[in-house]
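Shown below: structure39.cif, with mmCIF, C-alpha atoms and all ligand atoms.
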data_input
#
loop_
_atom_site.group_PDB
_atom_site.id
_atom_site.type_symbol
_atom_site.label_atom_id
_atom_site.label_comp_id
_atom_site.auth_asym_id
_atom_site.auth_seq_id
_atom_site.Cartn_x
_atom_site.Cartn_y
_atom_site.Cartn_z
ATOM 1 C CA MET A 68 16.561 -18.011 3.626
ATOM 2 C CA ASP A 69 19.389 -16.267 5.395
ATOM 3 C CA ASN A 70 17.842 -13.092 6.761
ATOM 4 C CA CYS A 71 21.227 -11.697 7.565
ATOM 5 C CA SER A 72 22.863 -11.953 4.170
ATOM 6 C CA LYS A 73 25.703 -9.566 3.543
ATOM 7 C CA GLN A 74 23.869 -7.947 0.659
ATOM 8 C CA GLU A 75 20.783 -7.307 2.745
ATOM 9 C CA ILE A 76 22.810 -5.739 5.516
ATOM 10 C CA LEU A 77 24.544 -3.489 3.009
ATOM 11 C CA ASP A 78 21.214 -2.594 1.418
ATOM 12 C CA ARG A 79 19.756 -1.624 4.777
ATOM 13 C CA ARG A 80 22.765 0.457 5.710
ATOM 14 C CA TYR A 81 22.929 2.318 2.422
ATOM 15 C CA LEU A 82 19.216 3.018 2.742
ATOM 16 C CA ASP A 83 19.830 4.335 6.245
ATOM 17 C CA MET A 84 22.504 6.617 4.788
ATOM 18 C CA ALA A 85 20.155 7.779 2.029
ATOM 19 C CA ARG A 86 17.606 8.568 4.735
ATOM 20 C CA ILE A 87 20.172 10.661 6.581
ATOM 21 C CA TRP A 88 21.184 12.338 3.311
ATOM 22 C CA ALA A 89 17.543 13.296 2.699
ATOM 23 C CA GLN A 90 17.821 15.611 5.686
ATOM 24 C CA ASN A 91 19.957 17.903 3.532
ATOM 25 C CA SER A 92 16.897 18.764 1.468
ATOM 26 C CA TYR A 93 15.425 22.227 1.902
ATOM 27 C CA CYS A 94 12.079 20.991 0.658
ATOM 28 C CA LYS A 95 9.359 21.128 3.248
ATOM 29 C CA ARG A 96 6.712 18.894 1.764
ATOM 30 C CA ARG A 97 8.933 15.920 1.322
ATOM 31 C CA LYS A 98 12.620 15.134 1.784
ATOM 32 C CA VAL A 99 14.081 12.385 -0.365
ATOM 33 C CA GLY A 100 17.663 11.148 -0.405
ATOM 34 C CA ALA A 101 19.518 8.998 -2.921
ATOM 35 C CA LEU A 102 22.908 7.309 -3.196
ATOM 36 C CA LEU A 103 24.552 5.671 -6.185
ATOM 37 C CA VAL A 104 26.743 2.746 -5.201
ATOM 38 C CA LYS A 105 29.066 0.860 -7.513
ATOM 39 C CA ASP A 106 31.611 -1.782 -6.550
ATOM 40 C CA LYS A 107 30.903 -1.011 -2.864
ATOM 41 C CA MET A 108 31.723 2.648 -3.350
ATOM 42 C CA ILE A 109 29.347 5.568 -3.121
ATOM 43 C CA ILE A 110 29.897 7.287 -6.460
ATOM 44 C CA SER A 111 27.184 9.928 -6.158
ATOM 45 C CA ASP A 112 24.487 11.296 -3.909
ATOM 46 C CA GLY A 113 21.469 13.505 -4.192
ATOM 47 C CA TYR A 114 18.461 14.924 -2.467
ATOM 48 C CA ASN A 115 15.464 16.701 -3.863
ATOM 49 C CA GLY A 116 16.012 20.387 -4.450
ATOM 50 C CA THR A 117 16.305 23.248 -6.881
ATOM 51 C CA PRO A 118 18.929 23.377 -9.661
ATOM 52 C CA SER A 119 22.274 25.105 -9.088
ATOM 53 C CA GLY A 120 21.878 28.864 -9.009
ATOM 54 C CA PHE A 121 18.271 28.794 -7.825
ATOM 55 C CA PRO A 122 17.245 29.775 -4.294
ATOM 56 C CA ASN A 123 16.942 26.819 -1.944
ATOM 57 C CA VAL A 124 13.183 27.111 -1.819
ATOM 58 C CA CYS A 125 11.196 24.187 -3.178
ATOM 59 C CA GLU A 126 7.630 25.360 -2.660
ATOM 60 C CA ASP A 127 5.674 28.470 -3.602
ATOM 61 C CA GLU A 128 3.623 30.507 -1.124
ATOM 62 C CA ASN A 129 0.799 27.992 -1.440
ATOM 63 C CA GLY A 130 3.042 25.080 -0.571
ATOM 64 C CA ILE A 131 3.055 23.793 -4.137
ATOM 65 C CA THR A 132 6.399 22.351 -5.290
ATOM 66 C CA HIS A 133 8.075 24.428 -8.006
ATOM 67 C CA PRO A 134 8.178 22.585 -11.332
ATOM 68 C CA TYR A 135 11.941 23.055 -11.572
ATOM 69 C CA VAL A 136 12.696 21.106 -8.403
ATOM 70 C CA LEU A 137 14.847 18.085 -9.175
ATOM 71 C CA HIS A 138 14.136 14.768 -7.529
ATOM 72 C CA ALA A 139 16.859 13.103 -5.478
ATOM 73 C CA GLU A 140 17.470 10.437 -8.124
ATOM 74 C CA ALA A 141 17.862 13.059 -10.858
ATOM 75 C CA ASN A 142 20.333 14.991 -8.738
ATOM 76 C CA ALA A 143 22.386 11.870 -8.025
ATOM 77 C CA ILE A 144 22.441 10.875 -11.701
ATOM 78 C CA THR A 145 23.282 14.338 -12.987
ATOM 79 C CA LYS A 146 25.962 14.727 -10.331
ATOM 80 C CA VAL A 147 27.724 11.584 -11.478
ATOM 81 C CA ALA A 148 27.468 12.898 -15.039
ATOM 82 C CA GLN A 149 29.796 15.726 -13.993
ATOM 83 C CA SER A 150 32.294 13.336 -12.455
ATOM 84 C CA ASN A 151 34.731 10.813 -13.845
ATOM 85 C CA ASN A 152 32.573 7.954 -12.607
ATOM 86 C CA SER A 153 30.039 5.996 -14.595
ATOM 87 C CA SER A 154 26.638 5.041 -13.272
ATOM 88 C CA ALA A 155 26.568 1.995 -15.544
ATOM 89 C CA GLY A 156 26.029 -1.117 -13.464
ATOM 90 C CA SER A 157 25.457 0.797 -10.248
ATOM 91 C CA THR A 158 22.789 0.421 -7.576
ATOM 92 C CA LEU A 159 20.544 3.331 -6.690
ATOM 93 C CA TYR A 160 19.440 3.634 -3.085
ATOM 94 C CA VAL A 161 16.561 6.031 -2.676
ATOM 95 C CA THR A 162 14.247 6.692 0.237
ATOM 96 C CA ALA A 163 11.110 6.782 -1.941
ATOM 97 C CA SER A 164 10.245 4.681 -4.965
ATOM 98 C CA PRO A 165 11.168 6.458 -8.230
ATOM 99 C CA CYS A 166 8.578 8.319 -10.270
ATOM 100 C CA MET A 167 8.150 7.837 -14.002
ATOM 101 C CA GLU A 168 10.468 10.710 -14.941
ATOM 102 C CA CYS A 169 13.281 9.507 -12.699
ATOM 103 C CA SER A 170 12.789 5.929 -13.838
ATOM 104 C CA LYS A 171 13.506 6.998 -17.392
ATOM 105 C CA LEU A 172 16.757 8.580 -16.215
ATOM 106 C CA ILE A 173 17.618 5.474 -14.190
ATOM 107 C CA ILE A 174 17.254 3.301 -17.280
ATOM 108 C CA GLN A 175 19.320 5.602 -19.471
ATOM 109 C CA ALA A 176 22.008 5.928 -16.788
ATOM 110 C CA GLY A 177 22.599 2.178 -16.942
ATOM 111 C CA ILE A 178 21.642 1.626 -13.315
ATOM 112 C CA THR A 179 20.879 -2.044 -12.834
ATOM 113 C CA ARG A 180 19.403 -2.210 -9.337
ATOM 114 C CA VAL A 181 17.136 0.084 -7.324
ATOM 115 C CA VAL A 182 16.629 -0.288 -3.579
ATOM 116 C CA PHE A 183 14.012 1.919 -1.935
ATOM 117 C CA SER A 184 12.143 2.135 1.328
ATOM 118 C CA GLU A 185 8.993 4.179 0.893
ATOM 119 C CA MET A 186 6.423 3.235 -1.726
ATOM 120 C CA TYR A 187 5.434 6.295 -3.754
ATOM 121 C CA ARG A 188 1.720 6.607 -4.387
ATOM 122 C CA LEU A 189 2.204 5.872 -8.079
ATOM 123 C CA ASN A 190 4.076 2.737 -9.082
ATOM 124 C CA ASP A 191 4.261 3.298 -12.833
ATOM 125 C CA GLY A 192 7.946 4.209 -12.487
ATOM 126 C CA LEU A 193 8.706 0.927 -10.751
ATOM 127 C CA LYS A 194 6.799 -0.984 -13.397
ATOM 128 C CA LEU A 195 8.836 0.737 -16.088
ATOM 129 C CA LEU A 196 12.083 -0.269 -14.364
ATOM 130 C CA GLU A 197 10.969 -3.838 -13.977
ATOM 131 C CA SER A 198 9.838 -4.019 -17.592
ATOM 132 C CA VAL A 199 13.425 -3.532 -18.739
ATOM 133 C CA GLY A 200 14.887 -5.977 -16.245
ATOM 134 C CA ILE A 201 16.139 -3.572 -13.583
ATOM 135 C CA GLU A 202 16.022 -5.269 -10.201
ATOM 136 C CA THR A 203 13.865 -3.407 -7.694
ATOM 137 C CA VAL A 204 14.056 -4.135 -3.977
ATOM 138 C CA TRP A 205 11.586 -2.709 -1.491
ATOM 139 C CA ILE A 206 12.776 -2.530 2.095
ATOM 140 C CA PRO A 207 10.067 -0.733 4.090
ATOM 141 C CA GLU A 208 11.302 1.851 6.534
ATOM 142 C CA GLU A 209 10.165 0.035 9.653
ATOM 143 C CA ASN A 210 12.495 -2.792 8.674
ATOM 144 C CA ALA A 211 15.281 -0.699 7.237
ATOM 145 C CA GLY A 212 17.416 -0.330 10.342
ATOM 146 C CA GLU A 213 18.833 -3.330 12.098
ATOM 147 C CA HIS A 214 17.718 -1.947 15.402
ATOM 148 C CA THR A 215 14.090 -1.993 14.461
ATOM 149 C CA ALA A 216 14.190 -5.109 12.338
ATOM 150 C CA GLU A 217 13.910 -8.230 14.412
ATOM 151 C CA THR A 218 13.662 -10.099 11.149
ATOM 152 C CA SER A 219 17.097 -9.029 9.959
ATOM 153 C CA CYS A 220 19.228 -10.337 12.756
ATOM 154 C CA ALA A 221 17.067 -12.426 15.016
ATOM 155 C CA SER A 222 16.215 -16.095 14.759
ATOM 156 C CA GLY A 223 18.829 -18.414 13.389
ATOM 157 C CA CYS A 224 21.111 -15.676 12.207
ATOM 158 C CA SER A 225 24.769 -16.562 12.250
ATOM 159 C CA CYS A 226 25.847 -12.985 11.740
ATOM 160 C CA VAL A 227 28.751 -11.954 13.934
ATOM 161 C CA SER A 228 28.638 -8.269 13.147
ATOM 162 C CA PRO A 229 28.911 -6.257 16.369
ATOM 163 C CA SER A 230 25.931 -4.145 15.396
ATOM 164 C CA CYS A 231 23.867 -7.230 14.646
ATOM 165 C CA ALA A 232 24.814 -8.744 17.969
ATOM 166 C CA GLU A 233 23.948 -5.485 19.625
ATOM 167 C CA SER A 234 20.575 -5.386 17.952
ATOM 168 C CA LYS A 235 19.795 -8.821 19.321
ATOM 169 C CA SER A 236 20.385 -7.675 22.854
ATOM 170 C CA SER A 237 19.234 -4.101 22.677
ATOM 171 C CA ALA A 238 16.441 -2.288 20.941
ATOM 172 C CA ASP A 239 17.779 1.192 21.489
ATOM 173 C CA ASN A 240 18.551 3.412 18.584
ATOM 174 C CA ASP A 241 21.632 5.363 19.520
ATOM 175 C CA ALA A 242 23.766 7.124 16.972
ATOM 176 C CA SER A 243 26.776 4.900 17.579
ATOM 177 C CA SER A 244 25.178 2.176 15.524
ATOM 178 C CA LEU A 245 24.181 4.243 12.541
ATOM 179 C CA PRO A 246 25.240 2.771 9.266
ATOM 180 C CA PHE A 247 28.870 3.699 8.886
ATOM 181 C CA THR A 248 30.615 0.533 9.940
ATOM 182 C CA PRO A 249 30.989 -2.244 7.397
ATOM 183 C CA PRO A 250 29.124 -5.440 8.211
ATOM 184 C CA VAL A 251 31.192 -8.469 9.156
ATOM 185 C CA CYS A 252 28.978 -11.407 8.443
HETATM 186 ZN ZN ZN A 301 11.289 11.335 -9.481
#
Show me, as structure tokens, the structure contained in the file I just sent.
Ligand SMILES: [Zn+2]
Amino acid sequence: MDNCSKQEILDRRYLDMARIWAQNSYCKRRKVGALLVKDKMIISDGYNGTPSGFPNVCEDENGITHPYVLHAEANAITKVAQSNNSSAGSTLYVTASPCMECSKLIIQAGITRVVFSEMYRLNDGLKLLESVGIETVWIPEENAGEHTAETSCASGCSCVSPSCAESKSSADNDASSLPFTPPVC
């Protein structure tokens, strides 16, 4: 199998971007980021947080998450609902595997593929997605960036992307190689 397929490189880079996007979250317990990609365009984004008009505080004084906090996936899906884009046929990139509630939204939004990096403690949401034929792809975080993933660009890879070539010769993790250049494989 070609470990350096164009799709896999794109998946890893979009996941890297979702991970960066998660940093926007004001939530302290957990920061999750999501991107909706369709026809190689990012059509929406989200991170976990409170609804519009609420203070940007996710947890109560005991550190318990407020029940009205929206998950990153829900924010990405509801954001696209306010736009002229359609989520039908899109891919959702999310830093943590979707919960049951978000999985229901994912199905109804017509999303056909879900790529995630961190396995949530409950996998009933993933099972729901798979039961209706939505493709789910798990790329664990330690393998998500090319610079930490020897498997992605190492042995036998014919990839000529500059960042892939760089990752073969260098293991450093500088910002210049973060995921904003298109792969050229
Ligand atoms: Zn959720």
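Once all atoms listed in the file are used for the distance check, the residues close to ligand ZN 301 (chain A) at 7 Å turn out to be A:His138, A:Glu140, A:Ala141, A:Pro165, A:Cys166, A:Met167, A:Glu168, A:Cys169.
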For the residues in the current selection, export C-alpha atoms as a PDB file, keeping the file's coordinate frame.
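Saved result, selection_23.pdb, follows:
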ATOM      1  CA  HIS A 138      14.136  14.768  -7.529  1.00  0.00           C
ATOM      2  CA  GLU A 140      17.470  10.437  -8.124  1.00  0.00           C
ATOM      3  CA  ALA A 141      17.862  13.059 -10.858  1.00  0.00           C
ATOM      4  CA  PRO A 165      11.168   6.458  -8.230  1.00  0.00           C
ATOM      5  CA  CYS A 166       8.578   8.319 -10.270  1.00  0.00           C
ATOM      6  CA  MET A 167       8.150   7.837 -14.002  1.00  0.00           C
ATOM      7  CA  GLU A 168      10.468  10.710 -14.941  1.00  0.00           C
ATOM      8  CA  CYS A 169      13.281   9.507 -12.699  1.00  0.00           C
TER       9      CYS A 169
END
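Our summary of the geometry notes that CA of Ile178 (chain A) is positioned 18.8 Å from CA of Asn115 (chain A).
Pairwise distance (CA of Glu126 (chain A), CA of Tyr93 (chain A)) equals 9.6 Å.
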Open item on the list: When the PyMOL selection byres (((chain A and resi 101) around 9) and not hetatm) is applied to the structure above, which residues does it catch, written out as a VMD selection string?
Closed with: chain A and resid 82 84 to 86 88 to 89 99 to 100 102 to 103 111 to 115 139 to 140 142 to 143 159 to 163
Would you export the selected residues with C-alpha atoms as a compact mmCIF listing (two decimals), in the coordinates of the input, please?
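Result file is selection.txt:
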# COMPACT_ATOMS: atom_id res chain seq x y z
CA LEU A 82 19.22 3.02 2.74
CA MET A 84 22.50 6.62 4.79
CA ALA A 85 20.16 7.78 2.03
CA ARG A 86 17.61 8.57 4.74
CA TRP A 88 21.18 12.34 3.31
CA ALA A 89 17.54 13.30 2.70
CA VAL A 99 14.08 12.38 -0.36
CA GLY A 100 17.66 11.15 -0.40
CA LEU A 102 22.91 7.31 -3.20
CA LEU A 103 24.55 5.67 -6.18
CA SER A 111 27.18 9.93 -6.16
CA ASP A 112 24.49 11.30 -3.91
CA GLY A 113 21.47 13.50 -4.19
CA TYR A 114 18.46 14.92 -2.47
CA ASN A 115 15.46 16.70 -3.86
CA ALA A 139 16.86 13.10 -5.48
CA GLU A 140 17.47 10.44 -8.12
CA ASN A 142 20.33 14.99 -8.74
CA ALA A 143 22.39 11.87 -8.02
CA LEU A 159 20.54 3.33 -6.69
CA TYR A 160 19.44 3.63 -3.08
CA VAL A 161 16.56 6.03 -2.68
CA THR A 162 14.25 6.69 0.24
CA ALA A 163 11.11 6.78 -1.94
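Closest approach to Gly177 (chain A) among A:Asn123, A:Ser153, A:Ser164, A:Ser198: A:Ser153, based on only C-alpha atoms.
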Given the PyMOL selection byres (((chain A and resi 194) around 12) and not hetatm) and the file above, list the residues it selects as a JSON list (two decimals) with C-alpha atoms, in the coordinates of the input.
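The file below, selection.json, is the result:
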[["chain", "number", "residue", "atom", "x", "y", "z"],
["A", 164, "SER", "CA", 10.24, 4.68, -4.96],
["A", 165, "PRO", "CA", 11.17, 6.46, -8.23],
["A", 166, "CYS", "CA", 8.58, 8.32, -10.27],
["A", 167, "MET", "CA", 8.15, 7.84, -14.00],
["A", 170, "SER", "CA", 12.79, 5.93, -13.84],
["A", 171, "LYS", "CA", 13.51, 7.00, -17.39],
["A", 174, "ILE", "CA", 17.25, 3.30, -17.28],
["A", 189, "LEU", "CA", 2.20, 5.87, -8.08],
["A", 190, "ASN", "CA", 4.08, 2.74, -9.08],
["A", 191, "ASP", "CA", 4.26, 3.30, -12.83],
["A", 192, "GLY", "CA", 7.95, 4.21, -12.49],
["A", 193, "LEU", "CA", 8.71, 0.93, -10.75],
["A", 195, "LEU", "CA", 8.84, 0.74, -16.09],
["A", 196, "LEU", "CA", 12.08, -0.27, -14.36],
["A", 197, "GLU", "CA", 10.97, -3.84, -13.98],
["A", 198, "SER", "CA", 9.84, -4.02, -17.59],
["A", 199, "VAL", "CA", 13.42, -3.53, -18.74],
["A", 200, "GLY", "CA", 14.89, -5.98, -16.24],
["A", 201, "ILE", "CA", 16.14, -3.57, -13.58],
["A", 202, "GLU", "CA", 16.02, -5.27, -10.20],
["A", 203, "THR", "CA", 13.86, -3.41, -7.69]]
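Pairwise distance (CA of Trp205 (chain A), CA of Ser92 (chain A)) equals 22.3 Å.
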Task: All residues 9 Å or closer to Lys105 (chain A), all atoms listed in the file, same chain fewer than 4 positions away omitted, as a VMD selection string - done: chain A and resid 109 to 110 153 to 159
TODO: Give me the result of the PyMOL selection byres (((chain A and resi 136) around 9) and not hetatm) on this file, residue by residue, as an NGL selection string.
DONE: :A and (115-118 or 124-126 or 132-135 or 137-138)
Write the selection just made, keeping C-alpha atoms, as a PDB file, keeping the file's coordinate frame?
ATOM      1  CA  ASN A 115      15.464  16.701  -3.863  1.00  0.00           C
ATOM      2  CA  GLY A 116      16.012  20.387  -4.450  1.00  0.00           C
ATOM      3  CA  THR A 117      16.305  23.248  -6.881  1.00  0.00           C
ATOM      4  CA  PRO A 118      18.929  23.377  -9.661  1.00  0.00           C
ATOM      5  CA  VAL A 124      13.183  27.111  -1.819  1.00  0.00           C
ATOM      6  CA  CYS A 125      11.196  24.187  -3.178  1.00  0.00           C
ATOM      7  CA  GLU A 126       7.630  25.360  -2.660  1.00  0.00           C
ATOM      8  CA  THR A 132       6.399  22.351  -5.290  1.00  0.00           C
ATOM      9  CA  HIS A 133       8.075  24.428  -8.006  1.00  0.00           C
ATOM     10  CA  PRO A 134       8.178  22.585 -11.332  1.00  0.00           C
ATOM     11  CA  TYR A 135      11.941  23.055 -11.572  1.00  0.00           C
ATOM     12  CA  LEU A 137      14.847  18.085  -9.175  1.00  0.00           C
ATOM     13  CA  HIS A 138      14.136  14.768  -7.529  1.00  0.00           C
TER      14      HIS A 138
END
Rebuild N, CA and C atoms on region 89-123 of chain A, as a short mmCIF file (atom, residue, chain, number, x, y, z; two decimals), keeping the file's coordinate frame?
data_model
loop_
_atom_site.label_atom_id
_atom_site.label_comp_id
_atom_site.auth_asym_id
_atom_site.auth_seq_id
_atom_site.Cartn_x
_atom_site.Cartn_y
_atom_site.Cartn_z
N ALA A 89 18.78 12.57 3.02
CA ALA A 89 17.54 13.30 2.70
C ALA A 89 17.37 14.52 3.59
N GLN A 90 17.98 14.48 4.76
CA GLN A 90 17.82 15.61 5.69
C GLN A 90 18.49 16.87 5.15
N ASN A 91 19.35 16.73 4.15
CA ASN A 91 19.96 17.90 3.53
C ASN A 91 18.95 18.72 2.72
N SER A 92 17.85 18.10 2.35
CA SER A 92 16.90 18.76 1.47
C SER A 92 16.25 19.96 2.16
N TYR A 93 16.12 21.04 1.39
CA TYR A 93 15.42 22.23 1.90
C TYR A 93 13.92 22.12 1.68
N CYS A 94 13.50 21.12 0.95
CA CYS A 94 12.08 20.99 0.66
C CYS A 94 11.30 20.67 1.92
N LYS A 95 10.15 21.30 2.03
CA LYS A 95 9.36 21.13 3.25
C LYS A 95 8.33 20.01 3.12
N ARG A 96 7.77 19.89 1.93
CA ARG A 96 6.71 18.89 1.76
C ARG A 96 7.24 17.48 1.91
N ARG A 97 8.43 17.28 1.39
CA ARG A 97 8.93 15.92 1.32
C ARG A 97 10.45 15.97 1.14
N LYS A 98 11.16 15.20 1.91
CA LYS A 98 12.62 15.13 1.78
C LYS A 98 12.99 13.73 1.32
N VAL A 99 13.69 13.68 0.21
CA VAL A 99 14.08 12.38 -0.36
C VAL A 99 15.60 12.38 -0.56
N GLY A 100 16.22 11.28 -0.23
CA GLY A 100 17.66 11.15 -0.40
C GLY A 100 17.98 9.97 -1.30
N ALA A 101 19.11 10.08 -2.02
CA ALA A 101 19.52 9.00 -2.92
C ALA A 101 21.04 8.84 -2.90
N LEU A 102 21.48 7.61 -3.06
CA LEU A 102 22.91 7.31 -3.20
C LEU A 102 23.09 6.39 -4.39
N LEU A 103 24.17 6.60 -5.12
CA LEU A 103 24.55 5.67 -6.18
C LEU A 103 25.77 4.90 -5.70
N VAL A 104 25.66 3.59 -5.71
CA VAL A 104 26.74 2.75 -5.20
C VAL A 104 27.20 1.80 -6.30
N LYS A 105 28.51 1.75 -6.50
CA LYS A 105 29.07 0.86 -7.51
C LYS A 105 30.33 0.24 -6.95
N ASP A 106 30.44 -1.06 -7.07
CA ASP A 106 31.61 -1.78 -6.55
C ASP A 106 31.89 -1.40 -5.10
N LYS A 107 30.82 -1.33 -4.30
CA LYS A 107 30.90 -1.01 -2.86
C LYS A 107 31.46 0.37 -2.59
N MET A 108 31.34 1.25 -3.57
CA MET A 108 31.72 2.65 -3.35
C MET A 108 30.54 3.55 -3.65
N ILE A 109 30.36 4.56 -2.82
CA ILE A 109 29.35 5.57 -3.12
C ILE A 109 29.94 6.50 -4.18
N ILE A 110 29.34 6.47 -5.37
CA ILE A 110 29.90 7.29 -6.46
C ILE A 110 29.10 8.57 -6.66
N SER A 111 27.93 8.68 -6.05
CA SER A 111 27.18 9.93 -6.16
C SER A 111 26.10 9.96 -5.08
N ASP A 112 25.54 11.14 -4.90
CA ASP A 112 24.49 11.30 -3.91
C ASP A 112 23.56 12.41 -4.38
N GLY A 113 22.39 12.44 -3.82
CA GLY A 113 21.47 13.50 -4.19
C GLY A 113 20.33 13.60 -3.21
N TYR A 114 19.72 14.74 -3.20
CA TYR A 114 18.46 14.92 -2.47
C TYR A 114 17.61 15.87 -3.29
N ASN A 115 16.33 15.88 -3.04
CA ASN A 115 15.46 16.70 -3.86
C ASN A 115 15.70 18.18 -3.56
N GLY A 116 15.74 18.97 -4.62
CA GLY A 116 16.01 20.39 -4.45
C GLY A 116 16.07 21.12 -5.77
N THR A 117 16.30 22.41 -5.69
CA THR A 117 16.30 23.25 -6.88
C THR A 117 17.65 23.12 -7.61
N PRO A 118 17.67 23.44 -8.91
CA PRO A 118 18.93 23.38 -9.66
C PRO A 118 19.94 24.39 -9.13
N SER A 119 21.21 24.18 -9.47
CA SER A 119 22.27 25.10 -9.09
C SER A 119 21.93 26.52 -9.55
N GLY A 120 22.14 27.47 -8.67
CA GLY A 120 21.88 28.86 -9.01
C GLY A 120 20.49 29.35 -8.62
N PHE A 121 19.61 28.41 -8.27
CA PHE A 121 18.27 28.79 -7.82
C PHE A 121 18.26 28.91 -6.30
N PRO A 122 17.37 29.74 -5.75
CA PRO A 122 17.24 29.78 -4.29
C PRO A 122 16.84 28.40 -3.76
N ASN A 123 17.28 28.11 -2.55
CA ASN A 123 16.94 26.82 -1.94
C ASN A 123 15.53 26.82 -1.37
#
